[in-house]
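Participant: Just coords.pdb, nothing more (PDB, C-alpha atoms and all ligand atoms):
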```pdb
ATOM      1  CA  MET A   1      66.972  74.837  27.348  1.00  0.00           C
ATOM      2  CA  LEU A   2      68.291  73.533  30.620  1.00  0.00           C
ATOM      3  CA  HIS A   3      68.982  69.869  31.067  1.00  0.00           C
ATOM      4  CA  ALA A   4      69.054  68.442  34.557  1.00  0.00           C
ATOM      5  CA  PRO A   5      71.568  65.639  34.821  1.00  0.00           C
ATOM      6  CA  ALA A   6      70.434  62.113  35.516  1.00  0.00           C
ATOM      7  CA  LEU A   7      72.110  58.751  35.668  1.00  0.00           C
ATOM      8  CA  THR A   8      73.822  57.805  32.420  1.00  0.00           C
ATOM      9  CA  GLY A   9      72.473  54.940  30.347  1.00  0.00           C
ATOM     10  CA  ARG A  10      75.199  52.644  31.637  1.00  0.00           C
ATOM     11  CA  GLU A  11      74.535  53.614  35.224  1.00  0.00           C
ATOM     12  CA  ARG A  12      70.825  52.962  34.783  1.00  0.00           C
ATOM     13  CA  ILE A  13      71.559  49.515  33.369  1.00  0.00           C
ATOM     14  CA  ARG A  14      73.851  48.812  36.321  1.00  0.00           C
ATOM     15  CA  LEU A  15      71.176  49.982  38.746  1.00  0.00           C
ATOM     16  CA  ARG A  16      68.564  47.720  37.181  1.00  0.00           C
ATOM     17  CA  ARG A  17      70.920  44.753  37.296  1.00  0.00           C
ATOM     18  CA  MET A  18      71.664  45.385  40.964  1.00  0.00           C
ATOM     19  CA  GLN A  19      67.979  45.714  41.797  1.00  0.00           C
ATOM     20  CA  ARG A  20      67.310  42.361  40.152  1.00  0.00           C
ATOM     21  CA  SER A  21      70.080  40.670  42.075  1.00  0.00           C
ATOM     22  CA  LEU A  22      68.752  42.305  45.228  1.00  0.00           C
ATOM     23  CA  ALA A  23      65.384  40.658  44.634  1.00  0.00           C
ATOM     24  CA  ARG A  24      67.102  37.266  44.349  1.00  0.00           C
ATOM     25  CA  ALA A  25      69.469  37.691  47.315  1.00  0.00           C
ATOM     26  CA  ARG A  26      68.573  35.989  50.560  1.00  0.00           C
ATOM     27  CA  ARG A  27      67.421  38.273  53.379  1.00  0.00           C
ATOM     28  CA  GLY A  28      70.202  39.077  55.821  1.00  0.00           C
ATOM     29  CA  SER A  29      72.919  37.692  53.537  1.00  0.00           C
ATOM     30  CA  ASN A  30      76.254  39.456  53.009  1.00  0.00           C
ATOM     31  CA  ARG A  31      75.619  39.748  49.308  1.00  0.00           C
ATOM     32  CA  ARG A  32      72.321  41.491  49.908  1.00  0.00           C
ATOM     33  CA  GLY A  33      74.028  44.003  52.176  1.00  0.00           C
ATOM     34  CA  ARG A  34      76.750  44.703  49.605  1.00  0.00           C
ATOM     35  CA  VAL A  35      74.328  45.214  46.723  1.00  0.00           C
ATOM     36  CA  LYS A  36      72.066  47.412  48.837  1.00  0.00           C
ATOM     37  CA  HIS A  37      75.021  49.612  49.669  1.00  0.00           C
ATOM     38  CA  ALA A  38      76.018  49.861  46.003  1.00  0.00           C
ATOM     39  CA  VAL A  39      72.460  50.846  45.018  1.00  0.00           C
ATOM     40  CA  ALA A  40      72.422  53.562  47.665  1.00  0.00           C
ATOM     41  CA  ARG A  41      75.774  54.895  46.423  1.00  0.00           C
ATOM     42  CA  LEU A  42      74.522  55.123  42.860  1.00  0.00           C
ATOM     43  CA  ARG A  43      71.371  56.981  43.941  1.00  0.00           C
ATOM     44  CA  ALA A  44      73.445  59.356  46.057  1.00  0.00           C
ATOM     45  CA  ARG A  45      75.620  60.074  43.030  1.00  0.00           C
ATOM     46  CA  GLU A  46      72.541  61.065  41.038  1.00  0.00           C
ATOM     47  CA  THR A  47      71.324  63.340  43.848  1.00  0.00           C
ATOM     48  CA  ASP A  48      74.734  65.013  44.130  1.00  0.00           C
ATOM     49  CA  ARG A  49      74.828  65.611  40.407  1.00  0.00           C
ATOM     50  CA  ARG A  50      71.396  67.301  40.502  1.00  0.00           C
ATOM     51  CA  LYS A  51      72.276  69.442  43.494  1.00  0.00           C
ATOM     52  CA  ASP A  52      75.465  70.577  41.823  1.00  0.00           C
ATOM     53  CA  TRP A  53      73.564  71.370  38.644  1.00  0.00           C
ATOM     54  CA  ALA A  54      70.829  73.289  40.528  1.00  0.00           C
ATOM     55  CA  GLU A  55      73.489  75.431  42.269  1.00  0.00           C
ATOM     56  CA  LYS A  56      75.220  76.377  39.029  1.00  0.00           C
ATOM     57  CA  ALA A  57      72.032  76.880  37.024  1.00  0.00           C
ATOM     58  CA  SER A  58      70.361  79.026  39.711  1.00  0.00           C
ATOM     59  CA  THR A  59      73.471  81.191  40.159  1.00  0.00           C
ATOM     60  CA  GLY A  60      73.703  81.820  36.414  1.00  0.00           C
ATOM     61  CA  ILE A  61      70.024  82.661  36.016  1.00  0.00           C
ATOM     62  CA  ALA A  62      69.937  84.900  39.112  1.00  0.00           C
ATOM     63  CA  ARG A  63      72.915  86.889  37.744  1.00  0.00           C
ATOM     64  CA  ARG A  64      71.667  87.260  34.202  1.00  0.00           C
ATOM     65  CA  PHE A  65      68.022  88.231  34.709  1.00  0.00           C
ATOM     66  CA  ASP A  66      66.113  90.829  36.711  1.00  0.00           C
ATOM     67  CA  VAL A  67      62.776  89.058  36.733  1.00  0.00           C
ATOM     68  CA  ILE A  68      62.580  85.295  36.653  1.00  0.00           C
ATOM     69  CA  ARG A  69      59.245  83.706  35.878  1.00  0.00           C
ATOM     70  CA  VAL A  70      58.699  80.035  36.498  1.00  0.00           C
ATOM     71  CA  GLU A  71      55.750  77.789  35.950  1.00  0.00           C
ATOM     72  CA  ASP A  72      53.913  77.236  39.210  1.00  0.00           C
ATOM     73  CA  LEU A  73      54.040  73.456  39.342  1.00  0.00           C
ATOM     74  CA  LYS A  74      52.288  71.928  42.315  1.00  0.00           C
ATOM     75  CA  ILE A  75      54.720  69.064  42.642  1.00  0.00           C
ATOM     76  CA  GLY A  76      53.437  67.927  46.040  1.00  0.00           C
ATOM     77  CA  ASN A  77      49.859  67.543  44.802  1.00  0.00           C
ATOM     78  CA  MET A  78      50.945  65.818  41.614  1.00  0.00           C
ATOM     79  CA  THR A  79      52.929  63.162  43.412  1.00  0.00           C
ATOM     80  CA  ARG A  80      50.455  62.580  46.207  1.00  0.00           C
ATOM     81  CA  SER A  81      47.180  62.187  44.339  1.00  0.00           C
ATOM     82  CA  ALA A  82      47.999  59.624  41.641  1.00  0.00           C
ATOM     83  CA  ARG A  83      47.746  56.456  43.670  1.00  0.00           C
ATOM     84  CA  GLY A  84      44.491  57.400  45.407  1.00  0.00           C
ATOM     85  CA  THR A  85      43.122  55.539  48.387  1.00  0.00           C
ATOM     86  CA  ARG A  86      41.901  51.957  48.725  1.00  0.00           C
ATOM     87  CA  GLU A  87      38.280  53.098  48.572  1.00  0.00           C
ATOM     88  CA  ASN A  88      38.954  55.474  45.727  1.00  0.00           C
ATOM     89  CA  PRO A  89      41.880  54.261  43.625  1.00  0.00           C
ATOM     90  CA  GLY A  90      43.464  56.825  41.333  1.00  0.00           C
ATOM     91  CA  ARG A  91      42.988  56.629  37.599  1.00  0.00           C
ATOM     92  CA  ASN A  92      45.815  56.726  35.075  1.00  0.00           C
ATOM     93  CA  VAL A  93      48.200  55.799  37.835  1.00  0.00           C
ATOM     94  CA  ARG A  94      50.811  54.431  35.417  1.00  0.00           C
ATOM     95  CA  ALA A  95      50.867  57.495  33.215  1.00  0.00           C
ATOM     96  CA  LYS A  96      50.926  59.808  36.188  1.00  0.00           C
ATOM     97  CA  ALA A  97      53.703  57.847  37.850  1.00  0.00           C
ATOM     98  CA  GLY A  98      55.760  58.400  34.701  1.00  0.00           C
ATOM     99  CA  LEU A  99      55.042  62.117  34.726  1.00  0.00           C
ATOM    100  CA  ASN A 100      55.933  62.386  38.399  1.00  0.00           C
ATOM    101  CA  ARG A 101      59.258  60.681  37.900  1.00  0.00           C
ATOM    102  CA  GLY A 102      59.989  63.109  35.102  1.00  0.00           C
ATOM    103  CA  ILE A 103      59.079  66.179  37.107  1.00  0.00           C
ATOM    104  CA  LEU A 104      60.835  65.125  40.271  1.00  0.00           C
ATOM    105  CA  GLY A 105      63.723  63.692  38.327  1.00  0.00           C
ATOM    106  CA  SER A 106      64.335  66.951  36.577  1.00  0.00           C
ATOM    107  CA  GLY A 107      65.137  68.651  39.881  1.00  0.00           C
ATOM    108  CA  TRP A 108      62.550  71.345  39.270  1.00  0.00           C
ATOM    109  CA  GLY A 109      61.629  71.967  42.904  1.00  0.00           C
ATOM    110  CA  LEU A 110      65.242  72.251  43.968  1.00  0.00           C
ATOM    111  CA  LEU A 111      66.059  74.679  41.166  1.00  0.00           C
ATOM    112  CA  VAL A 112      63.108  76.950  41.997  1.00  0.00           C
ATOM    113  CA  ARG A 113      63.957  76.934  45.720  1.00  0.00           C
ATOM    114  CA  ARG A 114      67.579  77.907  45.050  1.00  0.00           C
ATOM    115  CA  LEU A 115      66.442  80.596  42.606  1.00  0.00           C
ATOM    116  CA  GLU A 116      64.218  82.103  45.278  1.00  0.00           C
ATOM    117  CA  ASP A 117      67.171  82.089  47.694  1.00  0.00           C
ATOM    118  CA  LYS A 118      69.533  83.745  45.244  1.00  0.00           C
ATOM    119  CA  ALA A 119      67.083  86.200  43.655  1.00  0.00           C
ATOM    120  CA  PRO A 120      64.826  87.176  46.562  1.00  0.00           C
ATOM    121  CA  GLY A 121      61.696  89.015  45.425  1.00  0.00           C
ATOM    122  CA  ARG A 122      62.575  88.550  41.753  1.00  0.00           C
ATOM    123  CA  VAL A 123      61.068  85.122  41.156  1.00  0.00           C
ATOM    124  CA  GLU A 124      57.459  85.108  40.020  1.00  0.00           C
ATOM    125  CA  LYS A 125      55.413  81.947  39.821  1.00  0.00           C
ATOM    126  CA  ILE A 126      53.004  81.858  36.922  1.00  0.00           C
ATOM    127  CA  LYS A 127      49.925  79.653  36.940  1.00  0.00           C
ATOM    128  CA  ALA A 128      50.294  76.980  34.318  1.00  0.00           C
ATOM    129  CA  HIS A 129      46.687  77.269  33.019  1.00  0.00           C
ATOM    130  CA  TYR A 130      46.628  77.060  29.241  1.00  0.00           C
ATOM    131  CA  THR A 131      50.277  78.033  28.878  1.00  0.00           C
ATOM    132  CA  SER A 132      50.781  74.934  26.739  1.00  0.00           C
ATOM    133  CA  GLN A 133      47.621  75.520  24.651  1.00  0.00           C
ATOM    134  CA  ARG A 134      48.018  79.264  24.110  1.00  0.00           C
ATOM    135  CA  CYS A 135      49.772  80.568  21.015  1.00  0.00           C
ATOM    136  CA  SER A 136      52.581  82.868  22.142  1.00  0.00           C
ATOM    137  CA  ALA A 137      52.341  84.739  18.822  1.00  0.00           C
ATOM    138  CA  CYS A 138      48.610  85.516  18.507  1.00  0.00           C
ATOM    139  CA  GLY A 139      47.097  84.530  21.870  1.00  0.00           C
ATOM    140  CA  GLN A 140      44.672  81.931  20.539  1.00  0.00           C
ATOM    141  CA  VAL A 141      43.948  79.137  23.052  1.00  0.00           C
ATOM    142  CA  ASP A 142      43.225  75.768  21.474  1.00  0.00           C
ATOM    143  CA  PRO A 143      44.184  72.283  22.701  1.00  0.00           C
ATOM    144  CA  GLU A 144      44.369  71.236  19.037  1.00  0.00           C
ATOM    145  CA  SER A 145      47.394  73.477  18.592  1.00  0.00           C
ATOM    146  CA  ARG A 146      49.404  71.073  20.663  1.00  0.00           C
ATOM    147  CA  GLU A 147      50.303  68.807  17.763  1.00  0.00           C
ATOM    148  CA  SER A 148      52.445  66.497  19.887  1.00  0.00           C
ATOM    149  CA  GLN A 149      54.412  66.496  23.112  1.00  0.00           C
ATOM    150  CA  ALA A 150      57.215  68.350  21.335  1.00  0.00           C
ATOM    151  CA  ARG A 151      55.524  70.434  18.686  1.00  0.00           C
ATOM    152  CA  PHE A 152      53.161  73.427  18.802  1.00  0.00           C
ATOM    153  CA  VAL A 153      51.389  74.571  15.648  1.00  0.00           C
ATOM    154  CA  CYS A 154      48.780  77.327  16.099  1.00  0.00           C
ATOM    155  CA  THR A 155      45.419  76.446  14.508  1.00  0.00           C
ATOM    156  CA  ALA A 156      44.644  80.160  14.054  1.00  0.00           C
ATOM    157  CA  CYS A 157      47.820  81.827  12.763  1.00  0.00           C
ATOM    158  CA  GLY A 158      50.042  78.892  11.849  1.00  0.00           C
ATOM    159  CA  PHE A 159      52.847  79.900  14.208  1.00  0.00           C
ATOM    160  CA  ALA A 160      54.966  76.810  14.842  1.00  0.00           C
ATOM    161  CA  CYS A 161      57.674  76.123  17.377  1.00  0.00           C
ATOM    162  CA  HIS A 162      58.878  73.721  20.023  1.00  0.00           C
ATOM    163  CA  ALA A 163      55.933  73.170  22.381  1.00  0.00           C
ATOM    164  CA  ASP A 164      58.025  73.820  25.498  1.00  0.00           C
ATOM    165  CA  VAL A 165      59.454  77.014  24.026  1.00  0.00           C
ATOM    166  CA  ASN A 166      55.946  78.264  23.178  1.00  0.00           C
ATOM    167  CA  ALA A 167      54.775  77.557  26.742  1.00  0.00           C
ATOM    168  CA  ALA A 168      57.908  79.220  28.155  1.00  0.00           C
ATOM    169  CA  LYS A 169      57.204  82.358  26.104  1.00  0.00           C
ATOM    170  CA  ASN A 170      53.719  82.548  27.594  1.00  0.00           C
ATOM    171  CA  ILE A 171      55.168  82.159  31.077  1.00  0.00           C
ATOM    172  CA  ALA A 172      57.962  84.666  30.446  1.00  0.00           C
ATOM    173  CA  ALA A 173      55.398  87.194  29.219  1.00  0.00           C
ATOM    174  CA  GLY A 174      53.553  86.714  32.504  1.00  0.00           C
ATOM    175  CA  HIS A 175      50.509  85.650  30.549  1.00  0.00           C
ATOM    176  CA  ALA A 176      48.730  84.281  33.606  1.00  0.00           C
ATOM    177  CA  VAL A 177      47.951  86.518  36.571  1.00  0.00           C
ATOM    178  CA  THR A 178      51.050  86.881  38.732  1.00  0.00           C
ATOM    179  CA  ALA A 179      51.334  86.671  42.491  1.00  0.00           C
ATOM    180  CA  ARG A 180      51.570  90.486  42.652  1.00  0.00           C
ATOM    181  CA  GLY A 181      48.342  90.875  40.711  1.00  0.00           C
ATOM    182  CA  GLY A 182      47.965  92.417  37.288  1.00  0.00           C
ATOM    183  CA  ASP A 183      48.882  90.680  34.088  1.00  0.00           C
ATOM    184  CA  GLY A 184      52.609  91.068  34.662  1.00  0.00           C
ATOM    185  CA  VAL A 185      53.328  92.465  31.192  1.00  0.00           C
ATOM    186  CA  THR A 186      55.371  95.481  32.198  1.00  0.00           C
ATOM    187  CA  ARG A 187      58.599  95.116  30.223  1.00  0.00           C
ATOM    188  CA  PRO A 188      59.437  94.704  26.567  1.00  0.00           C
ATOM    189  CA  LEU A 189      59.261  91.044  25.653  1.00  0.00           C
ATOM    190  CA  ASN A 190      62.869  90.761  24.556  1.00  0.00           C
ATOM    191  CA  ARG A 191      64.005  91.652  28.073  1.00  0.00           C
ATOM    192  CA  GLU A 192      62.040  88.821  29.560  1.00  0.00           C
ATOM    193  CA  PRO A 193      63.968  85.814  30.761  1.00  0.00           C
ATOM    194  CA  HIS A 194      62.976  82.466  29.408  1.00  0.00           C
ATOM    195  CA  LEU A 195      63.409  79.661  31.819  1.00  0.00           C
ATOM    196  CA  LEU A 196      62.763  76.270  30.429  1.00  0.00           C
ATOM    197  CA  LEU A 197      63.522  72.991  32.064  1.00  0.00           C
ATOM    198  CA  GLN A 198      63.585  69.653  30.350  1.00  0.00           C
ATOM    199  CA  SER A 199      64.029  66.376  32.087  1.00  0.00           C
ATOM    200  CA  ALA A 200      67.024  64.543  30.756  1.00  0.00           C
TER
HETATM  201 ZN    ZN B   1      48.665  81.821  16.751  1.00  0.00          ZN
END
```
Step by step, read the file and then write its structure as structure tokens.

Facilitator:
Amino acid sequence: MLHAPALTGRERIRLRRMQRSLARARRGSNRRGRVKHAVARLRARETDRRKDWAEKASTGIARRFDVIRVEDLKIGNMTRSARGTRENPGRNVRAKAGLNRGILGSGWGLLVRRLEDKAPGRVEKIKAHYTSQRCSACGQVDPESRESQARFVCTACGFACHADVNAAKNIAAGHAVTARGGDGVTRPLNREPHLLLQSA
């Protein structure tokens, strides 16, 4: 369970307060300039924290594991499509905007890029299809097994665990077809790395 750092609760409150005062400040005023600068500094601090985290996490994972399987998240597509166009406005824009913030906020893309740099040829991207609906114990695929965002309970065999851990086990086992072809199940399961990222 990896946790990407984010702004602390206090920092988020400060950021919100500054953004409100920015909305009230007169254009071109000194105060506006000062607040804008402070907002930028806070955002830069968050970015630095994530970069630092991605460096350390990717180094540790690249050292500890031979094969590293990650979920193949199409971050670009996810962020682009939500809003839609004027002729064809996107649906569920609010919900999707929340998801996007979570995915981008977690520093996923950065972590995967650094992993690929540090473990060349050892990172495999696994298609995400059904990884969250498939039981990692018996292989049954059923959307009903996803009891909640956090909990997986298999409708066939009763296997229960954290929903993200269940999905990670499917990915680690190379359940979906890998980039190299084949089903990817070539090593004993207990040697497989589990990489799981949660947004903070
Ligand atoms: Zn099952």

Participant: Using only C-alpha atoms and all ligand atoms, which residue out of A:Val153, A:Ala6, A:Met18, A:Val112 lies closest to ligand ZN 1 (chain B)?

Facilitator: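 Ranking A:Val153, A:Ala6, A:Met18, A:Val112 by distance to ligand ZN 1 (chain B), first place goes to A:Val153.
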
Participant: Could you spell out the hits of the PyMOL selection byres (((chain A and resi 133) around 7) and not hetatm) on the shown file, as a ChimeraX atom specification?

Facilitator: /A:130-132,134-135,141-143,145-146

Participant: Please identify the residues whose atoms come within 7 Å of ligand ZN 1 (chain B), using only C-alpha atoms and all ligand atoms, and report them as a list in words.

Facilitator: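 Final answer, ordered by chain and number: Cys135, Ser136, Ala137, Cys138, Gly139, Gln140, Cys154, Thr155, Ala156, Cys157, Gly158 and Phe159 of chain A.
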
Participant: For range 41-47 of chain A, list every protein, DNA or RNA residue within 12 Å, evaluated using all atoms listed in the file, and leave out those in the same chain fewer than 4 positions away; present the list as a ChimeraX atom specification.

Facilitator: /A:4-8,10-16,18-19,34-37,51-54,104-107,110

Participant: Which distance in Å separates CA of Ser148 in chain A and CA of Leu2 in chain A, to one decimal?

Facilitator: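 Separation of CA of Ser148 in chain A and CA of Leu2 in chain A: 20.4 Å.
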
Participant: Find the residue from A:Lys118, A:Arg50, A:Arg26, A:Arg17 that sits nearest to Arg64 in chain A; use all atoms listed in the file when measuring.

Facilitator: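 Between A:Lys118, A:Arg50, A:Arg26, A:Arg17, the residue approaching Arg64 in chain A most closely is A:Lys118.
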
Participant: Decode the PyMOL selection byres (((chain A and resi 114) around 10) and not hetatm) for the given file into explicit residues and return them as a list in words.

Facilitator: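 Taken over the shown coordinates, the PyMOL selection byres (((chain A and resi 114) around 10) and not hetatm) returns Lys51, Ala54, Glu55, Lys56, Ala57, Ser58, Thr59, Ala62, Gly109, Leu110, Leu111, Val112, Arg113, Leu115, Glu116, Asp117, Lys118, Ala119 and Pro120 of chain A.
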
Participant: Nearest residue to Met1 in chain A out of A:Val123, A:Val165, A:Ala128, A:Ala173, using all atoms listed in the file?

Facilitator: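 When distances to Met1 in chain A are compared using all atoms listed in the file, the smallest one comes from A:Val165.
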
Participant: Just to confirm, what's the straight-line distance from CA of Asn170 in chain A to CA of Glu124 in chain A in Å (one decimal)?

Facilitator: 13.2 Å

Participant: Name the residues captured by the PyMOL selection byres (((chain A and resi 67) around 7) and not hetatm) when it is applied to the shown file; answer as a list of chain:residue names.

Facilitator: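 After applying the PyMOL selection byres (((chain A and resi 67) around 7) and not hetatm), what remains is A:Phe65, A:Asp66, A:Ile68, A:Arg69, A:Arg122, A:Val123, A:Pro193.
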
Participant: Can you tell me how far CA of Ile61 in chain A sits from CA of Gln149 in chain A, in Å to one decimal?

Facilitator: 25.9 Å

Participant: Under the rule that all atoms listed in the file are counted, which of A:Lys125, A:Glu144, A:Gly28, A:Glu71 is the nearest residue to Asp164 in chain A?

Facilitator: A:Glu71

Participant: Within 9 Å of Ala150 in chain A, counting only C-alpha atoms, which residues show up once you throw out same-chain ones fewer than 6 positions away? Write them as a PyMOL selection string, please.

Facilitator: chain A and resi 161-164

Participant: Put those residues in a file: C-alpha atoms, as an mmCIF file, keeping the file's coordinate frame.

Facilitator:
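The file below, selection21.cif, is the result:
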```cif
data_model
loop_
_atom_site.group_PDB
_atom_site.id
_atom_site.type_symbol
_atom_site.label_atom_id
_atom_site.label_comp_id
_atom_site.auth_asym_id
_atom_site.auth_seq_id
_atom_site.Cartn_x
_atom_site.Cartn_y
_atom_site.Cartn_z
ATOM 1 C CA CYS A 161 57.674 76.123 17.377
ATOM 2 C CA HIS A 162 58.878 73.721 20.023
ATOM 3 C CA ALA A 163 55.933 73.170 22.381
ATOM 4 C CA ASP A 164 58.025 73.820 25.498
#
```
